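What follows is the content of entry.cif, which has mmCIF, C-alpha atoms:
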data_my_file
#
loop_
_atom_site.group_PDB
_atom_site.id
_atom_site.type_symbol
_atom_site.label_atom_id
_atom_site.label_comp_id
_atom_site.auth_asym_id
_atom_site.auth_seq_id
_atom_site.Cartn_x
_atom_site.Cartn_y
_atom_site.Cartn_z
ATOM 1 C CA MET S 1 101.691 116.039 133.874
ATOM 2 C CA ASN S 2 102.953 119.262 132.279
ATOM 3 C CA GLN S 3 101.439 120.944 129.213
ATOM 4 C CA THR S 4 103.988 119.425 126.803
ATOM 5 C CA GLU S 5 103.141 115.925 127.998
ATOM 6 C CA LYS S 6 99.431 116.665 127.562
ATOM 7 C CA ASP S 7 100.100 117.761 123.963
ATOM 8 C CA ASN S 8 101.768 114.412 123.215
ATOM 9 C CA ILE S 9 99.079 111.859 122.491
ATOM 10 C CA LEU S 10 101.699 109.131 121.941
ATOM 11 C CA GLU S 11 105.111 108.647 123.585
ATOM 12 C CA VAL S 12 107.223 105.683 122.487
ATOM 13 C CA SER S 13 110.394 105.002 124.477
ATOM 14 C CA HIS S 14 113.086 102.408 123.642
ATOM 15 C CA LEU S 15 110.561 100.119 121.944
ATOM 16 C CA LYS S 16 111.876 96.709 120.921
ATOM 17 C CA LYS S 17 110.272 93.774 119.167
ATOM 18 C CA TYR S 18 112.373 90.660 118.637
ATOM 19 C CA PHE S 19 111.104 87.510 116.946
ATOM 20 C CA PRO S 20 112.822 84.294 118.099
ATOM 21 C CA VAL S 21 114.643 82.148 115.537
ATOM 22 C CA LYS S 22 114.384 78.439 116.279
ATOM 23 C CA GLY S 23 116.610 75.713 114.969
ATOM 24 C CA GLY S 24 118.871 72.840 115.867
ATOM 25 C CA MET S 25 117.984 69.270 116.727
ATOM 26 C CA PHE S 26 115.597 70.207 119.547
ATOM 27 C CA GLY S 27 114.060 73.303 117.983
ATOM 28 C CA GLY S 28 115.455 75.674 120.571
ATOM 29 C CA VAL S 29 115.862 79.430 120.186
ATOM 30 C CA THR S 30 119.139 80.102 118.362
ATOM 31 C CA GLY S 31 118.777 83.858 117.887
ATOM 32 C CA ASN S 32 116.413 86.766 117.349
ATOM 33 C CA VAL S 33 115.201 88.810 114.416
ATOM 34 C CA LYS S 34 115.450 92.378 115.716
ATOM 35 C CA ALA S 35 112.500 93.816 113.782
ATOM 36 C CA VAL S 36 112.208 96.895 116.019
ATOM 37 C CA ASP S 37 115.325 97.802 117.971
ATOM 38 C CA ASP S 38 115.272 100.697 120.458
ATOM 39 C CA VAL S 39 112.821 103.092 118.776
ATOM 40 C CA SER S 40 111.757 106.316 120.545
ATOM 41 C CA PHE S 41 109.543 109.186 119.352
ATOM 42 C CA THR S 42 106.531 111.302 120.308
ATOM 43 C CA ILE S 43 103.503 112.474 118.322
ATOM 44 C CA LYS S 44 101.588 115.623 119.202
ATOM 45 C CA ARG S 45 97.803 115.532 119.267
ATOM 46 C CA GLY S 46 96.150 116.361 115.955
ATOM 47 C CA THR S 47 99.334 115.948 113.888
ATOM 48 C CA THR S 48 100.735 113.340 111.498
ATOM 49 C CA MET S 49 104.069 111.593 111.831
ATOM 50 C CA GLY S 50 105.391 109.911 108.700
ATOM 51 C CA LEU S 51 107.463 106.745 109.126
ATOM 52 C CA VAL S 52 109.607 105.940 106.080
ATOM 53 C CA GLY S 53 112.283 103.480 105.047
ATOM 54 C CA GLU S 54 112.987 100.503 102.827
ATOM 55 C CA SER S 55 110.767 97.419 102.861
ATOM 56 C CA GLY S 56 111.586 95.230 105.833
ATOM 57 C CA CYS S 57 113.010 98.022 107.998
ATOM 58 C CA GLY S 58 110.366 97.507 110.723
ATOM 59 C CA LYS S 59 107.821 100.250 109.972
ATOM 60 C CA SER S 60 104.702 98.074 110.070
ATOM 61 C CA THR S 61 105.956 96.061 113.047
ATOM 62 C CA THR S 62 106.471 99.328 114.926
ATOM 63 C CA GLY S 63 102.879 100.383 114.237
ATOM 64 C CA ARG S 64 101.403 97.052 115.260
ATOM 65 C CA THR S 65 103.510 96.829 118.395
ATOM 66 C CA ILE S 66 102.349 100.306 119.441
ATOM 67 C CA LEU S 67 98.732 99.141 119.131
ATOM 68 C CA ARG S 68 99.585 95.908 120.952
ATOM 69 C CA LEU S 69 98.424 93.813 118.036
ATOM 70 C CA ILE S 70 101.721 92.060 118.700
ATOM 71 C CA GLU S 71 103.397 92.117 122.090
ATOM 72 C CA LYS S 72 106.553 94.134 122.641
ATOM 73 C CA THR S 73 109.888 92.683 123.737
ATOM 74 C CA ASP S 74 110.877 95.787 125.701
ATOM 75 C CA GLY S 75 110.207 99.510 126.011
ATOM 76 C CA THR S 76 107.137 101.584 126.825
ATOM 77 C CA VAL S 77 104.225 102.999 124.844
ATOM 78 C CA LEU S 78 102.212 105.760 126.501
ATOM 79 C CA PHE S 79 98.862 106.725 124.978
ATOM 80 C CA ASN S 80 97.444 109.857 126.611
ATOM 81 C CA GLY S 81 99.933 109.211 129.402
ATOM 82 C CA GLU S 82 98.715 105.632 129.992
ATOM 83 C CA ASP S 83 101.003 102.628 129.570
ATOM 84 C CA VAL S 84 99.348 100.532 126.858
ATOM 85 C CA ASN S 85 101.315 97.391 127.702
ATOM 86 C CA SER S 86 100.306 97.496 131.373
ATOM 87 C CA ALA S 87 96.596 97.724 130.563
ATOM 88 C CA SER S 88 94.349 94.874 131.675
ATOM 89 C CA ARG S 89 92.277 92.946 129.120
ATOM 90 C CA LYS S 90 89.230 95.013 130.049
ATOM 91 C CA ARG S 91 91.111 98.319 129.779
ATOM 92 C CA LEU S 92 92.792 97.272 126.528
ATOM 93 C CA ARG S 93 89.360 96.549 125.076
ATOM 94 C CA GLU S 94 88.348 100.117 125.944
ATOM 95 C CA LEU S 95 91.558 101.508 124.420
ATOM 96 C CA ARG S 96 90.847 99.676 121.155
ATOM 97 C CA THR S 97 88.149 102.220 120.355
ATOM 98 C CA LYS S 98 90.662 105.071 120.709
ATOM 99 C CA MET S 99 93.521 103.441 118.749
ATOM 100 C CA GLN S 100 92.774 102.064 115.304
ATOM 101 C CA ILE S 101 94.610 100.903 112.178
ATOM 102 C CA ILE S 102 94.073 101.143 108.422
ATOM 103 C CA PHE S 103 95.780 98.225 106.704
ATOM 104 C CA GLN S 104 97.812 98.278 103.498
ATOM 105 C CA ASP S 105 95.708 95.769 101.565
ATOM 106 C CA PRO S 106 92.030 96.671 101.942
ATOM 107 C CA TYR S 107 90.730 93.526 100.227
ATOM 108 C CA SER S 108 92.491 90.997 102.470
ATOM 109 C CA SER S 109 91.499 92.955 105.597
ATOM 110 C CA LEU S 110 87.761 92.811 104.785
ATOM 111 C CA SER S 111 85.691 89.686 105.368
ATOM 112 C CA PRO S 112 84.294 88.441 102.021
ATOM 113 C CA ARG S 113 81.298 86.927 103.835
ATOM 114 C CA LEU S 114 79.934 90.117 105.373
ATOM 115 C CA PRO S 115 78.188 93.058 103.673
ATOM 116 C CA ILE S 116 79.793 96.454 104.099
ATOM 117 C CA GLY S 117 77.248 97.702 106.621
ATOM 118 C CA GLU S 118 78.080 94.758 108.899
ATOM 119 C CA ILE S 119 81.835 95.203 108.474
ATOM 120 C CA ILE S 120 81.704 98.873 109.465
ATOM 121 C CA GLY S 121 79.166 98.408 112.256
ATOM 122 C CA GLU S 122 80.320 95.144 113.834
ATOM 123 C CA ALA S 123 82.674 96.764 116.362
ATOM 124 C CA VAL S 124 80.229 99.622 116.995
ATOM 125 C CA ARG S 125 77.662 97.092 118.246
ATOM 126 C CA GLU S 126 80.314 95.138 120.148
ATOM 127 C CA HIS S 127 81.381 98.229 122.102
ATOM 128 C CA ASN S 128 77.843 99.668 122.432
ATOM 129 C CA LEU S 129 78.991 103.030 121.131
ATOM 130 C CA VAL S 130 75.539 104.245 120.079
ATOM 131 C CA PRO S 131 71.957 103.363 121.139
ATOM 132 C CA LYS S 132 70.246 100.687 119.037
ATOM 133 C CA ASP S 133 67.650 103.114 117.662
ATOM 134 C CA GLN S 134 70.460 105.362 116.354
ATOM 135 C CA TYR S 135 72.701 102.597 114.996
ATOM 136 C CA ASN S 136 71.588 102.583 111.338
ATOM 137 C CA ASP S 137 71.694 106.362 111.023
ATOM 138 C CA TYR S 138 75.112 106.452 112.678
ATOM 139 C CA ILE S 139 76.619 103.886 110.258
ATOM 140 C CA THR S 140 75.083 105.738 107.315
ATOM 141 C CA GLN S 141 76.656 109.003 108.430
ATOM 142 C CA VAL S 142 80.081 107.386 108.896
ATOM 143 C CA MET S 143 79.867 105.976 105.372
ATOM 144 C CA LEU S 144 78.832 109.335 103.915
ATOM 145 C CA ASN S 145 81.740 111.027 105.710
ATOM 146 C CA CYS S 146 84.087 108.612 103.934
ATOM 147 C CA GLY S 147 82.635 109.066 100.454
ATOM 148 C CA LEU S 148 80.402 105.982 100.459
ATOM 149 C CA GLN S 149 76.660 105.821 99.839
ATOM 150 C CA GLU S 150 73.904 104.348 101.998
ATOM 151 C CA TYR S 151 72.957 101.747 99.383
ATOM 152 C CA HIS S 152 76.487 100.311 99.653
ATOM 153 C CA LYS S 153 75.535 98.750 103.012
ATOM 154 C CA ASP S 154 74.188 95.556 101.453
ATOM 155 C CA ARG S 155 77.058 95.021 99.015
ATOM 156 C CA TYR S 156 80.106 92.806 99.538
ATOM 157 C CA PRO S 157 83.822 93.742 99.291
ATOM 158 C CA HIS S 158 84.342 92.086 95.897
ATOM 159 C CA GLU S 159 81.792 94.486 94.373
ATOM 160 C CA PHE S 160 83.989 97.535 95.069
ATOM 161 C CA SER S 161 87.080 99.040 93.480
ATOM 162 C CA GLY S 162 90.392 99.322 95.367
ATOM 163 C CA GLY S 163 89.787 102.951 96.272
ATOM 164 C CA GLN S 164 86.267 102.210 97.537
ATOM 165 C CA ARG S 165 87.569 99.302 99.638
ATOM 166 C CA GLN S 166 90.084 101.599 101.268
ATOM 167 C CA ARG S 167 87.260 104.032 102.050
ATOM 168 C CA ILE S 168 85.451 101.120 103.705
ATOM 169 C CA CYS S 169 88.532 100.398 105.833
ATOM 170 C CA ILE S 170 88.735 104.066 106.815
ATOM 171 C CA ALA S 171 85.029 104.070 107.704
ATOM 172 C CA ARG S 172 85.488 100.941 109.821
ATOM 173 C CA ALA S 173 88.270 102.649 111.782
ATOM 174 C CA LEU S 174 86.394 105.946 112.163
ATOM 175 C CA ALA S 175 83.185 104.262 113.304
ATOM 176 C CA LEU S 176 84.777 103.661 116.710
ATOM 177 C CA LYS S 177 85.450 107.404 117.221
ATOM 178 C CA PRO S 178 89.235 106.977 117.565
ATOM 179 C CA GLU S 179 91.798 109.603 118.549
ATOM 180 C CA PHE S 180 94.835 107.907 117.003
ATOM 181 C CA ILE S 181 95.108 105.872 113.781
ATOM 182 C CA VAL S 182 98.041 103.909 112.376
ATOM 183 C CA CYS S 183 97.856 104.257 108.585
ATOM 184 C CA ASP S 184 99.911 101.278 107.390
ATOM 185 C CA GLU S 185 100.752 102.189 103.765
ATOM 186 C CA PRO S 186 97.070 102.944 103.069
ATOM 187 C CA VAL S 187 97.585 104.148 99.483
ATOM 188 C CA SER S 188 100.467 101.988 98.212
ATOM 189 C CA ALA S 189 98.139 99.552 96.391
ATOM 190 C CA LEU S 190 96.140 102.304 94.647
ATOM 191 C CA ASP S 191 96.474 104.258 91.398
ATOM 192 C CA VAL S 192 98.010 107.720 91.689
ATOM 193 C CA SER S 193 94.721 109.566 91.102
ATOM 194 C CA ILE S 194 92.956 107.419 93.712
ATOM 195 C CA GLN S 195 95.863 107.929 96.110
ATOM 196 C CA ALA S 196 95.254 111.667 95.994
ATOM 197 C CA GLN S 197 91.562 111.183 96.806
ATOM 198 C CA ILE S 198 92.295 108.950 99.807
ATOM 199 C CA ILE S 199 95.014 111.283 101.109
ATOM 200 C CA ASN S 200 92.718 114.293 100.827
ATOM 201 C CA LEU S 201 89.985 112.325 102.614
ATOM 202 C CA LEU S 202 92.345 111.467 105.467
ATOM 203 C CA LYS S 203 93.431 115.096 105.811
ATOM 204 C CA ASP S 204 89.827 116.354 105.783
ATOM 205 C CA LEU S 205 88.805 113.825 108.432
ATOM 206 C CA GLN S 206 91.823 114.757 110.554
ATOM 207 C CA GLU S 207 90.826 118.408 110.489
ATOM 208 C CA LYS S 208 87.177 117.715 111.306
ATOM 209 C CA MET S 209 87.781 115.131 114.055
ATOM 210 C CA ASN S 210 91.183 116.253 115.428
ATOM 211 C CA LEU S 211 92.692 112.863 114.560
ATOM 212 C CA THR S 212 96.335 111.916 115.035
ATOM 213 C CA TYR S 213 98.057 109.718 112.450
ATOM 214 C CA LEU S 214 101.154 107.558 112.300
ATOM 215 C CA PHE S 215 101.483 107.401 108.507
ATOM 216 C CA ILE S 216 103.672 104.494 107.388
ATOM 217 C CA SER S 217 104.863 104.643 103.793
ATOM 218 C CA HIS S 218 107.786 104.127 101.439
ATOM 219 C CA ASP S 219 106.534 106.905 99.147
ATOM 220 C CA LEU S 220 108.401 110.026 100.236
ATOM 221 C CA SER S 221 106.336 112.346 98.044
ATOM 222 C CA VAL S 222 103.170 111.239 99.822
ATOM 223 C CA VAL S 223 104.804 111.540 103.241
ATOM 224 C CA GLU S 224 105.995 115.071 102.490
ATOM 225 C CA HIS S 225 102.435 116.051 101.599
ATOM 226 C CA VAL S 226 100.668 114.593 104.655
ATOM 227 C CA SER S 227 103.181 114.690 107.515
ATOM 228 C CA ASP S 228 104.110 117.290 110.112
ATOM 229 C CA THR S 229 107.091 115.263 111.350
ATOM 230 C CA ILE S 230 109.098 112.384 109.882
ATOM 231 C CA GLY S 231 110.989 109.404 111.237
ATOM 232 C CA VAL S 232 113.451 107.596 108.951
ATOM 233 C CA MET S 233 113.964 103.899 109.802
ATOM 234 C CA TYR S 234 116.803 101.594 108.864
ATOM 235 C CA LEU S 235 117.123 97.982 109.993
ATOM 236 C CA GLY S 236 114.761 98.342 112.942
ATOM 237 C CA GLY S 237 115.966 101.690 114.272
ATOM 238 C CA LEU S 238 115.331 105.384 113.704
ATOM 239 C CA VAL S 239 118.311 107.175 112.138
ATOM 240 C CA GLU S 240 116.734 110.623 111.752
ATOM 241 C CA THR S 241 113.623 112.428 113.009
ATOM 242 C CA GLY S 242 112.354 115.982 112.844
ATOM 243 C CA ASN S 243 109.953 118.411 111.237
ATOM 244 C CA THR S 244 109.044 117.489 107.671
ATOM 245 C CA ALA S 245 110.158 120.831 106.244
ATOM 246 C CA ASP S 246 113.536 120.658 108.011
ATOM 247 C CA ILE S 247 114.340 117.121 106.893
ATOM 248 C CA PHE S 248 113.301 117.657 103.279
ATOM 249 C CA LYS S 249 115.248 120.916 103.162
ATOM 250 C CA GLU S 250 118.416 119.484 104.695
ATOM 251 C CA PRO S 251 118.569 115.706 105.230
ATOM 252 C CA LEU S 252 121.553 114.889 107.442
ATOM 253 C CA HIS S 253 121.976 111.131 107.691
ATOM 254 C CA PRO S 254 123.673 109.465 104.675
ATOM 255 C CA TYR S 255 120.788 106.977 104.461
ATOM 256 C CA THR S 256 118.191 109.764 104.426
ATOM 257 C CA LYS S 257 120.142 111.536 101.694
ATOM 258 C CA ALA S 258 120.157 108.346 99.603
ATOM 259 C CA LEU S 259 116.405 107.879 100.060
ATOM 260 C CA PHE S 260 115.635 111.466 99.099
ATOM 261 C CA SER S 261 117.868 111.311 96.027
ATOM 262 C CA ALA S 262 115.589 108.567 94.678
ATOM 263 C CA ILE S 263 112.462 110.780 94.687
ATOM 264 C CA PRO S 264 111.377 111.172 91.035
ATOM 265 C CA MET S 265 111.195 114.748 89.772
ATOM 266 C CA PRO S 266 108.440 115.754 87.299
ATOM 267 C CA ASP S 267 110.718 118.304 85.620
ATOM 268 C CA PRO S 268 113.121 116.497 83.227
ATOM 269 C CA ASP S 269 115.436 119.513 83.211
ATOM 270 C CA VAL S 270 116.140 119.159 86.937
ATOM 271 C CA LYS S 271 119.225 117.028 87.415
ATOM 272 C CA ILE S 272 119.360 114.883 90.554
ATOM 273 C CA ASN S 273 122.575 113.608 92.071
ATOM 274 C CA ARG S 274 121.465 110.033 92.696
ATOM 275 C CA ILE S 275 123.138 108.264 95.599
ATOM 276 C CA ILE S 276 123.293 104.555 94.837
ATOM 277 C CA LEU S 277 123.492 102.322 97.897
ATOM 278 C CA GLU S 278 125.785 99.368 97.295
ATOM 279 C CA GLY S 279 125.431 95.959 98.872
ATOM 280 C CA ASP S 280 122.435 94.186 100.363
ATOM 281 C CA ILE S 281 120.506 95.146 103.479
ATOM 282 C CA PRO S 282 122.027 93.213 106.411
ATOM 283 C CA SER S 283 119.913 90.604 108.130
ATOM 284 C CA PRO S 284 118.014 91.864 111.201
ATOM 285 C CA ALA S 285 118.847 88.484 112.755
ATOM 286 C CA ASN S 286 122.547 89.381 112.583
ATOM 287 C CA PRO S 287 122.874 93.181 112.328
ATOM 288 C CA PRO S 288 126.307 94.794 111.927
ATOM 289 C CA SER S 289 128.170 96.066 114.964
ATOM 290 C CA GLY S 290 128.408 99.792 115.581
ATOM 291 C CA CYS S 291 126.281 101.807 113.169
ATOM 292 C CA LYS S 292 123.980 99.396 111.341
ATOM 293 C CA PHE S 293 124.298 101.442 108.145
ATOM 294 C CA HIS S 294 128.104 101.384 107.967
ATOM 295 C CA THR S 295 128.208 98.399 105.567
ATOM 296 C CA ARG S 296 126.508 100.507 102.863
ATOM 297 C CA CYS S 297 127.671 104.004 103.782
ATOM 298 C CA LYS S 298 130.194 105.805 101.548
ATOM 299 C CA GLU S 299 131.124 108.108 104.444
ATOM 300 C CA CYS S 300 131.926 105.257 106.837
ATOM 301 C CA MET S 301 134.710 105.897 109.371
ATOM 302 C CA GLY S 302 136.499 103.567 111.749
ATOM 303 C CA ILE S 303 134.318 104.510 114.711
ATOM 304 C CA CYS S 304 131.200 103.633 112.696
ATOM 305 C CA LYS S 305 132.192 99.946 112.689
ATOM 306 C CA GLU S 306 132.796 99.810 116.422
ATOM 307 C CA GLN S 307 130.445 102.198 118.224
ATOM 308 C CA GLU S 308 126.722 102.745 117.775
ATOM 309 C CA PRO S 309 125.972 106.471 117.383
ATOM 310 C CA VAL S 310 123.629 108.242 119.791
ATOM 311 C CA ALA S 311 120.890 110.642 118.711
ATOM 312 C CA LYS S 312 121.994 114.269 118.563
ATOM 313 C CA ASP S 313 119.739 117.317 118.389
ATOM 314 C CA MET S 314 120.861 119.480 115.462
ATOM 315 C CA GLY S 315 118.370 122.234 116.309
ATOM 316 C CA ASN S 316 114.588 122.601 116.292
ATOM 317 C CA GLY S 317 114.158 118.979 117.359
ATOM 318 C CA HIS S 318 115.988 117.639 114.283
ATOM 319 C CA MET S 319 117.583 114.440 115.649
ATOM 320 C CA VAL S 320 120.171 112.344 113.813
ATOM 321 C CA LYS S 321 122.148 109.217 114.721
ATOM 322 C CA CYS S 322 125.451 109.555 112.866
ATOM 323 C CA HIS S 323 129.110 109.891 113.883
ATOM 324 C CA LEU S 324 129.584 112.588 111.246
ATOM 325 C CA TYR S 325 128.008 115.017 113.719
ATOM 326 C CA ASP S 326 129.772 113.932 116.910
ATOM 327 C CA ASP S 327 131.547 117.291 117.238
ATOM 328 C CA LYS S 328 128.427 119.390 116.670
#
Whole structure given in structure tokens:
Amino acid sequence: MNQTEKDNILEVSHLKKYFPVKGGMFGGVTGNVKAVDDVSFTIKRGTTMGLVGESGCGKSTTGRTILRLIEKTDGTVLFNGEDVNSASRKRLRELRTKMQIIFQDPYSSLSPRLPIGEIIGEAVREHNLVPKDQYNDYITQVMLNCGLQEYHKDRYPHEFSGGQRQRICIARALALKPEFIVCDEPVSALDVSIQAQIINLLKDLQEKMNLTYLFISHDLSVVEHVSDTIGVMYLGGLVETGNTADIFKEPLHPYTKALFSAIPMPDPDVKINRIILEGDIPSPANPPSGCKFHTRCKECMGICKEQEPVAKDMGNGHMVKCHLYDDK
């Protein structure tokens, strides 16, 4: 393994996740919903990759398939060079401590029947991460690191605000001493002021613990603030990836340009050339031929309807899948 491979904590290659569609008289499989369709990217250790796109484009399914919360259809996921999908049940159990997730809705992801101390510490006991005589102090320290207080241990989820519940979810993930965390829209259900607190907490924890994040969101302003690299998804596939600064400075794919034109600007004097996408998002059960975006693209050419574009490096690792750049 060379140095570059060691720097990559996560390597995703040609990942696919199809959900079967059943129908007909005998309930047989009549097709597939292509939720994730040939996705490839890498994340360097200690960095954050933002994954953006419209609702239903496959962002959350990508994150959960990487963690093997749902099984892949095809492709490979390497975590620290190890194939996650080839891991035995025993090895996968060990990997669970290194790969965690923070869910979008903190309330529904917390058991209403358990106090907070039990919720945060349940997996710690299950994996025997700390000696029994150090358990209480360890859970207290994890809670303090996440902005919670020791007396919160005996309270239940319904007694907390949305921001506090998300801190509980973060503490639950961090209690297992992970290296990689999928943040599945962790601030989308929170007020703007609370969003800023949670984002700052995540960044502080990343710096202190050398954490790596896959940050899934539809809020581009948040992604710009937290991410080192960005992947833009459309209908199950990545259409553009690269450094955050490069993509925000010069988005290349027509879909990325449309997304970025919708970012609200605080200055009313700044005029934005809004790009309005016409038509509905095609069904992932029956995606268009060629480029999946061609049905809504104002720059569509004949080749776009017939041939799927391949990813091209436009410099500095800025990759784009679009026929507009075939000659570059």
Nearest to Pro288 of chain S among S:Cys304, S:Leu51, S:Leu114, S:Leu202, with distances taken over only C-alpha atoms: which residue is it? S:Cys304
When the PyMOL selection byres ((chain S and resi 101) around 12) is applied to the file above, which residues end up in the set, as a PyMOL selection string? chain S and resi 60+63-69+96-100+102-106+109+166+169-176+178-186+212-216
Might you spell out which residues the PyMOL selection byres ((chain S and resi 199) around 9) would select in the displayed file, as a PyMOL selection string? chain S and resi 186-187+194-198+200-204+222+225-226
Nearest candidate to Thr61 of chain S (options S:Ala245, S:Ile119, S:Met233, S:Leu144; using only C-alpha atoms):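 Result for the nearest residue to Thr61 of chain S: S:Met233.
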If you apply the PyMOL selection byres ((chain S and resi 83) around 12) to this file, what residues do you get, as a list in words? Ile9, Leu10, Glu11, Val12, Ser13, Ile66, Leu67, Arg68, Gly75, Thr76, Val77, Leu78, Phe79, Asn80, Gly81, Glu82, Val84, Asn85, Ser86, Ala87, Ser88, Arg91, Leu92 and Leu95 of chain S
Just want the 10 Å neighbourhood of Thr140 of chain S, counted on only C-alpha atoms, with same-chain residues fewer than 6 positions away dropped. Output as number ranges by chain. S: 117, 120-121, 148-153
Selected residues written out with C-alpha atoms, as a PDB file, keeping the file's coordinate frame:
ATOM      1  CA  GLY S 117      77.248  97.702 106.621  1.00  0.00           C
ATOM      2  CA  ILE S 120      81.704  98.873 109.465  1.00  0.00           C
ATOM      3  CA  GLY S 121      79.166  98.408 112.256  1.00  0.00           C
ATOM      4  CA  LEU S 148      80.402 105.982 100.459  1.00  0.00           C
ATOM      5  CA  GLN S 149      76.660 105.821  99.839  1.00  0.00           C
ATOM      6  CA  GLU S 150      73.904 104.348 101.998  1.00  0.00           C
ATOM      7  CA  TYR S 151      72.957 101.747  99.383  1.00  0.00           C
ATOM      8  CA  HIS S 152      76.487 100.311  99.653  1.00  0.00           C
ATOM      9  CA  LYS S 153      75.535  98.750 103.012  1.00  0.00           C
TER      10      LYS S 153
END
Kindly give the distance, in Å, that separates atom CA of Pro157 of chain S and atom CA of Asp137 of chain S, rounded to a single decimal. 21.1 Å
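For the pair atom CA of Asn145 of chain S and atom CA of Leu220 of chain S, the separation is 27.2 Å.
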Just checking: using all atoms listed in the file, which residue out of S:Val232, S:Ile70, S:Met49, S:Ile276 ends up closest to Lys17 of chain S?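 Among the listed residues, the smallest separation from Lys17 of chain S belongs to S:Ile70.
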Best match for closeness to Leu129 of chain S among S:Lys177, S:Ile275, S:Arg45, S:Val36, counting all atoms listed in the file: S:Lys177
Mind pulling up the distance from atom CA of Tyr18 of chain S to atom CA of Pro254 of chain S?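 Distance between the two atoms: 26.0 Å.
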Please, what is the axis-aligned box for every listed atom of segment 114-130 of chain S with 4 Å on each side, as centre and edge lengths in Å to one decimal, as lines of an AutoDock Vina configuration file?
center_x = 79.1
center_y = 97.2
center_z = 113.1
size_x = 15.1
size_y = 22.1
size_z = 26.8
Shell around Glu278 of chain S at 9 Å using all atoms listed in the file, local window under 6 positions removed, as a PyMOL selection string: chain S and resi 295-298
Nearest to Asn32 of chain S by atom-to-atom distance, counting only C-alpha atoms, from S:His14, S:Cys300, S:Pro20, S:Ile230: S:Pro20
From the set S:Ile116, S:Ile43, S:Val310, S:Val130, which residue has the shortest atom-to-atom contact distance to Glu159 of chain S, counting all atoms listed in the file?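 Among the listed residues, the smallest separation from Glu159 of chain S belongs to S:Ile116.
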